[in-house]
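Trainee: Below is the structure I would like to discuss, written out as structure tokens.
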Amino acid sequence: MDFISPSMIKRIAAKYDFKFKKGLGQNFLSSQEILEEIADAAGICGANALEIGPGFGVLTNELAKQAKKVVALEIDERLIPILGDTLSEYDNVTIINRDIMKTDISDIIKKEFDGERISIAANLPYYITTPIITTVLESKLPIDNFVVMVQKEVALRLGAKPGTKDYGAISVLCQYYTEPEIICTVPAELFVPAPKVDSAVLRMKFRETTAVSVKDENMFFKTVKAAFSQRRKTLLNCLLSNFTHGREKLVEIMNSVGIDPKRRGETLSLEEFARLADALK
Ligand code: SAM
């Protein structure tokens, strides 16, 4: 595939009479520079890559140059013959016509990658951003890097620190399993067609061990969810609505781990959530 540019994406669309489907989040990236940044961030030199939503195959093309094998899952069957053409020079690419939301990634790892470690790269369709990210983060599969292009505000939320307006349960989930890093921001005009908002490339590098160790992960995430359930309320009131311990007991538990019951949930660090969840257990 030649150097990617907006005119090239438009040429491919015209050649195949392809009409972009907004409902499938079809905003195709048209910057060679950003494509290379995503592929480099995935760190797949000689390793395996899974791509979600290849579109015309512009990112697949960059991944295929570096990877041992690339498997790309595309829901839109109109794109399958186009991908056959645009990626014809590679023998290390497998395209599968499938909905990622109905796909068991562990099955793909077993069948397509012989159970080996993979990295995942995707310019994600915006309508399934959160469920895909949550599924991959919680999957406990052999994944090294998860590099995604998402709306800029989503990238900021995933990497947000305690006490900031962007910090939420998904920030804790992301940082518990991975080290997130914004690689670059991407203006809307670098896509064809251009979406309404800017995007960012976020790399989530999976940690060898989780950021904090907890007695019970379910309790950890239940505590986090409860703490963020009503942002204007104190942590104590949030916990009261989600646990059966009773006010006095909760105050005692919070004091025992050095957390002021009057604090707001969104000010707690991962370490504090871990201490609190262990004490609640
Ligand atoms: N990777 C291409 C690029 O960077 O230009 C296309 C990215 S475009 C934002 C998202 C792609 O995901 C589209 O090709 C769309 O058809 C595909 N897609 C949307 N929903 C999907 C799903 N549930 N499973 C797999 N692919 C999906």
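If you're wondering about the labels, chains in the structure tokens are A, B, ... by order shown, residues count from 1 in each chain, ligands from 1 in order shown.
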When DSSP works through the backbone of this structure, what residues of range 28-77 of chain A end up as strand (DSSP E or B), shown as a ChimeraX atom specification?
Mentor: /A:28-29,48-52,69-74
Trainee: Those selected residues, please, written with N, CA and C atoms and delivered as a short mmCIF file (atom, residue, chain, number, x, y, z; two decimals), in the first residue's frame.
Mentor:
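Result file follows (again_32.cif):
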data_model
loop_
_atom_site.label_atom_id
_atom_site.label_comp_id
_atom_site.auth_asym_id
_atom_site.auth_seq_id
_atom_site.Cartn_x
_atom_site.Cartn_y
_atom_site.Cartn_z
N PHE A 28 -12.14 6.68 8.76
CA PHE A 28 -10.87 6.02 8.45
C PHE A 28 -9.70 6.99 8.60
N LEU A 29 -8.65 6.51 9.21
CA LEU A 29 -7.49 7.35 9.47
C LEU A 29 -6.71 7.56 8.16
N ASN A 48 2.99 -11.03 17.55
CA ASN A 48 1.63 -11.19 17.02
C ASN A 48 0.77 -9.96 17.28
N ALA A 49 -0.05 -9.63 16.28
CA ALA A 49 -0.96 -8.49 16.47
C ALA A 49 -2.38 -8.86 16.10
N LEU A 50 -3.31 -8.43 16.95
CA LEU A 50 -4.73 -8.56 16.65
C LEU A 50 -5.25 -7.15 16.40
N GLU A 51 -5.92 -6.95 15.27
CA GLU A 51 -6.50 -5.64 15.00
C GLU A 51 -8.02 -5.74 15.02
N ILE A 52 -8.64 -4.74 15.62
CA ILE A 52 -10.11 -4.69 15.63
C ILE A 52 -10.53 -3.62 14.62
N LYS A 69 2.57 -12.21 12.70
CA LYS A 69 1.25 -12.49 12.14
C LYS A 69 0.25 -11.42 12.60
N VAL A 70 -0.63 -11.03 11.70
CA VAL A 70 -1.70 -10.09 12.05
C VAL A 70 -3.04 -10.76 11.76
N VAL A 71 -3.93 -10.72 12.74
CA VAL A 71 -5.30 -11.17 12.52
C VAL A 71 -6.18 -9.93 12.70
N ALA A 72 -7.04 -9.66 11.72
CA ALA A 72 -7.89 -8.47 11.80
C ALA A 72 -9.36 -8.89 11.70
N LEU A 73 -10.15 -8.42 12.67
CA LEU A 73 -11.59 -8.76 12.70
C LEU A 73 -12.41 -7.59 12.20
N GLU A 74 -13.15 -7.80 11.15
CA GLU A 74 -13.94 -6.72 10.55
C GLU A 74 -15.40 -7.16 10.43
#
Trainee: If we count only C-alpha atoms and set the cut-off at 8 Å, which residues sit around Gln66 in chain A, ignoring sequence neighbours fewer than 2 positions away in its own chain? Please answer as number ranges by chain.
Mentor: A: 44-47, 62-64, 68
Trainee: Output all heavy atoms for every residue in that selection, as a PDB file, in the first residue's frame.
Mentor:
ATOM      1  N   ILE A  44       5.265  -4.505  18.230  1.00  0.00           N
ATOM      2  CA  ILE A  44       5.031  -5.887  17.812  1.00  0.00           C
ATOM      3  C   ILE A  44       6.136  -6.445  16.930  1.00  0.00           C
ATOM      4  O   ILE A  44       5.917  -7.435  16.233  1.00  0.00           O
ATOM      5  CB  ILE A  44       3.685  -6.032  17.055  1.00  0.00           C
ATOM      6  CG1 ILE A  44       3.409  -4.790  16.229  1.00  0.00           C
ATOM      7  CG2 ILE A  44       2.546  -6.305  17.986  1.00  0.00           C
ATOM      8  CD1 ILE A  44       3.109  -5.037  14.848  1.00  0.00           C
ATOM      9  N   CYS A  45       7.286  -5.813  16.962  1.00  0.00           N
ATOM     10  CA  CYS A  45       8.398  -6.260  16.130  1.00  0.00           C
ATOM     11  C   CYS A  45       8.580  -7.796  16.221  1.00  0.00           C
ATOM     12  O   CYS A  45       8.968  -8.323  17.257  1.00  0.00           O
ATOM     13  CB  CYS A  45       9.636  -5.533  16.626  1.00  0.00           C
ATOM     14  SG  CYS A  45      10.944  -5.642  15.459  1.00  0.00           S
ATOM     15  N   GLY A  46       8.220  -8.491  15.162  1.00  0.00           N
ATOM     16  CA  GLY A  46       8.369  -9.956  15.136  1.00  0.00           C
ATOM     17  C   GLY A  46       7.359 -10.703  15.985  1.00  0.00           C
ATOM     18  O   GLY A  46       7.458 -11.922  16.141  1.00  0.00           O
ATOM     19  N   ALA A  47       6.379 -10.008  16.540  1.00  0.00           N
ATOM     20  CA  ALA A  47       5.398 -10.666  17.411  1.00  0.00           C
ATOM     21  C   ALA A  47       4.001 -10.632  16.773  1.00  0.00           C
ATOM     22  O   ALA A  47       3.850 -10.264  15.615  1.00  0.00           O
ATOM     23  CB  ALA A  47       5.393  -9.985  18.773  1.00  0.00           C
ATOM     24  N   GLU A  62       0.512  -1.309   8.201  1.00  0.00           N
ATOM     25  CA  GLU A  62       1.670  -0.934   9.037  1.00  0.00           C
ATOM     26  C   GLU A  62       2.027  -2.061  10.008  1.00  0.00           C
ATOM     27  O   GLU A  62       3.196  -2.344  10.250  1.00  0.00           O
ATOM     28  CB  GLU A  62       1.369   0.338   9.844  1.00  0.00           C
ATOM     29  CG  GLU A  62       1.422   1.616   9.054  1.00  0.00           C
ATOM     30  CD  GLU A  62       2.680   1.765   8.208  1.00  0.00           C
ATOM     31  OE1 GLU A  62       3.788   1.539   8.713  1.00  0.00           O
ATOM     32  OE2 GLU A  62       2.543   2.089   7.020  1.00  0.00           O
ATOM     33  N   LEU A  63       0.992  -2.713  10.556  1.00  0.00           N
ATOM     34  CA  LEU A  63       1.243  -3.804  11.508  1.00  0.00           C
ATOM     35  C   LEU A  63       1.922  -4.973  10.794  1.00  0.00           C
ATOM     36  O   LEU A  63       2.864  -5.583  11.315  1.00  0.00           O
ATOM     37  CB  LEU A  63      -0.078  -4.271  12.147  1.00  0.00           C
ATOM     38  CG  LEU A  63      -0.825  -3.238  13.004  1.00  0.00           C
ATOM     39  CD1 LEU A  63      -2.231  -3.744  13.348  1.00  0.00           C
ATOM     40  CD2 LEU A  63      -0.057  -2.931  14.286  1.00  0.00           C
ATOM     41  N   ALA A  64       1.439  -5.252   9.569  1.00  0.00           N
ATOM     42  CA  ALA A  64       1.966  -6.413   8.824  1.00  0.00           C
ATOM     43  C   ALA A  64       3.456  -6.254   8.498  1.00  0.00           C
ATOM     44  O   ALA A  64       4.182  -7.247   8.407  1.00  0.00           O
ATOM     45  CB  ALA A  64       1.161  -6.611   7.547  1.00  0.00           C
ATOM     46  N   LYS A  68       4.873 -10.766  13.190  1.00  0.00           N
ATOM     47  CA  LYS A  68       4.984 -12.134  12.683  1.00  0.00           C
ATOM     48  C   LYS A  68       3.658 -12.489  12.007  1.00  0.00           C
ATOM     49  O   LYS A  68       3.635 -12.981  10.893  1.00  0.00           O
ATOM     50  CB  LYS A  68       5.242 -13.069  13.882  1.00  0.00           C
ATOM     51  CG  LYS A  68       5.290 -14.530  13.533  1.00  0.00           C
ATOM     52  CD  LYS A  68       5.964 -15.299  14.656  1.00  0.00           C
ATOM     53  CE  LYS A  68       4.954 -16.178  15.363  1.00  0.00           C
ATOM     54  NZ  LYS A  68       5.530 -16.930  16.480  1.00  0.00           N
TER      55      LYS A  68
END
Trainee: Can you pull out every residue within 12 Å of Lys281 in chain A, counting only C-alpha atoms, but drop anything in the same chain fewer than 4 positions away, and send it as a PyMOL selection string?
Mentor: chain A and resi 214-220+222-223+243-245+250+253+274-277
Trainee: For Leu173 in chain A, which residue out of A:Val58, A:Ala211, A:Ala188, A:Ala194 is the nearest one, using only C-alpha atoms?
Mentor: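 Of all the options, A:Ala211 lies closest to Leu173 in chain A.
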Trainee: How would you report the residues lying within 7 Å of ligand 1, as number ranges by chain, if you count only C-alpha atoms and all ligand atoms?
Mentor: A: 24-30, 52-59, 73-76, 98-101, 122-125
Trainee: Since we have the selection now, will you write its residues out, keeping C-alpha atoms, as a PDB file, in the first residue's frame?
Mentor:
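What follows is the written file part_3.pdb:
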ATOM      1  CA  LEU A  24     -20.252   1.329  12.377  1.00  0.00           C
ATOM      2  CA  GLY A  25     -17.955   4.202  13.386  1.00  0.00           C
ATOM      3  CA  GLN A  26     -16.358   4.241   9.934  1.00  0.00           C
ATOM      4  CA  ASN A  27     -14.009   7.224  10.181  1.00  0.00           C
ATOM      5  CA  PHE A  28     -10.873   6.018   8.453  1.00  0.00           C
ATOM      6  CA  LEU A  29      -7.488   7.347   9.467  1.00  0.00           C
ATOM      7  CA  SER A  30      -5.637   9.085   6.649  1.00  0.00           C
ATOM      8  CA  ILE A  52     -10.110  -4.687  15.633  1.00  0.00           C
ATOM      9  CA  GLY A  53     -11.855  -3.068  12.645  1.00  0.00           C
ATOM     10  CA  PRO A  54      -9.292  -2.848   9.801  1.00  0.00           C
ATOM     11  CA  GLY A  55     -11.481  -0.734   7.476  1.00  0.00           C
ATOM     12  CA  PHE A  56      -9.455  -0.352   4.237  1.00  0.00           C
ATOM     13  CA  GLY A  57      -6.468  -1.972   5.968  1.00  0.00           C
ATOM     14  CA  VAL A  58      -4.289   1.107   6.431  1.00  0.00           C
ATOM     15  CA  LEU A  59      -3.265   0.178   9.984  1.00  0.00           C
ATOM     16  CA  LEU A  73     -11.586  -8.760  12.704  1.00  0.00           C
ATOM     17  CA  GLU A  74     -13.945  -6.716  10.549  1.00  0.00           C
ATOM     18  CA  ILE A  75     -17.731  -6.705  10.954  1.00  0.00           C
ATOM     19  CA  ASP A  76     -18.567  -5.102   7.579  1.00  0.00           C
ATOM     20  CA  ARG A  98     -16.692 -11.071  12.512  1.00  0.00           C
ATOM     21  CA  ASP A  99     -18.201  -8.829  15.167  1.00  0.00           C
ATOM     22  CA  ILE A 100     -15.654  -8.259  17.948  1.00  0.00           C
ATOM     23  CA  MET A 101     -18.539  -8.029  20.443  1.00  0.00           C
ATOM     24  CA  ALA A 122      -7.312  -0.587  16.909  1.00  0.00           C
ATOM     25  CA  ASN A 123      -8.757   2.628  15.665  1.00  0.00           C
ATOM     26  CA  LEU A 124     -11.876   1.781  17.637  1.00  0.00           C
ATOM     27  CA  PRO A 125     -15.398   2.326  16.355  1.00  0.00           C
TER      28      PRO A 125
END
Trainee: For each of A:Pro131, A:Tyr16, A:Glu112, A:Ile34, take the minimum atom-to-atom distance to Ile183 in chain A, counting only C-alpha atoms, then give the residue where this is smallest.
Mentor: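 When distances to Ile183 in chain A are compared using only C-alpha atoms, the smallest one comes from A:Ile34.
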Trainee: Could you check the closest approach to Val172 in chain A for each of A:Phe146, A:Phe191, A:Tyr126, A:Phe221 and tell me which residue wins, using only C-alpha atoms?
Mentor: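 Among the listed residues, the smallest separation from Val172 in chain A belongs to A:Phe221.
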Trainee: Can you pull out the residues contacting Gly115 in chain A? Cut-off 12 Å, using only C-alpha atoms, and skip same-chain residues under 4 positions away; I want them as a list in words.
Mentor: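 Contacts, with the query itself left out: Asn48, Ile105, Ser106, Asp107, Ile108, Ile109, Lys110, Lys111, Leu141, Pro142 and Ile143 of chain A.
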Trainee: Could the residues in this selection be saved with C-alpha atoms as a PDB file, in the first residue's frame?
Mentor:
ATOM      1  CA  ASN A  48       1.634 -11.188  17.023  1.00  0.00           C
ATOM      2  CA  ILE A 105     -10.610 -13.303  22.101  1.00  0.00           C
ATOM      3  CA  SER A 106      -9.153 -16.268  24.009  1.00  0.00           C
ATOM      4  CA  ASP A 107     -10.419 -18.491  21.205  1.00  0.00           C
ATOM      5  CA  ILE A 108      -8.668 -16.306  18.591  1.00  0.00           C
ATOM      6  CA  ILE A 109      -5.441 -16.479  20.606  1.00  0.00           C
ATOM      7  CA  LYS A 110      -5.683 -20.275  20.760  1.00  0.00           C
ATOM      8  CA  LYS A 111      -6.714 -20.901  17.153  1.00  0.00           C
ATOM      9  CA  LEU A 141      -5.279 -13.036  28.509  1.00  0.00           C
ATOM     10  CA  PRO A 142      -1.631 -13.051  27.371  1.00  0.00           C
ATOM     11  CA  ILE A 143      -1.681  -9.480  26.023  1.00  0.00           C
TER      12      ILE A 143
END
Trainee: Among the residues of range 10-188 of chain A, find those DSSP assigns to alpha helix (DSSP H) from the backbone and print them as number ranges by chain.
Mentor: A: 10-15, 32-42, 58-66, 79-86, 105-113, 129-138, 152-158, 169-177
Trainee: Work out how far apart CA of Val257 in chain A and CA of Ala160 in chain A are and give it in Å to one decimal.
Mentor: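 These atoms are spaced 23.8 Å apart.
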Trainee: Calculated over only C-alpha atoms, which of the candidates A:Thr164, A:Ser5, A:Thr135, A:Ser199 has the smallest distance to Val148 in chain A?
Mentor: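 Of A:Thr164, A:Ser5, A:Thr135, A:Ser199, the one nearest Val148 in chain A is A:Ser199, counting only C-alpha atoms.
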Trainee: Please measure the separation of CA of Leu202 in chain A and CA of Ile182 in chain A, giving the value in Å to one decimal.
Mentor: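 About the pair CA of Leu202 in chain A and CA of Ile182 in chain A: they are 4.5 Å apart.
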Trainee: Between A:Thr185, A:Gln32, A:Ser119, A:Thr129, which has the minimum distance to Asn145 in chain A (counting only C-alpha atoms)?
Mentor: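 Ranked by minimum distance to Asn145 in chain A, first place goes to A:Ser119.
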Trainee: So how far away is CA of Ile82 in chain A from CA of Asn97 in chain A, in Å?
Mentor: 12.2 Å
Trainee: Counting only C-alpha atoms, which residue out of A:Arg117, A:Arg157, A:Lys249, A:Arg231 sits closest to Arg263 in chain A?
Mentor: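 Smallest separation from Arg263 in chain A among the options: A:Arg231.
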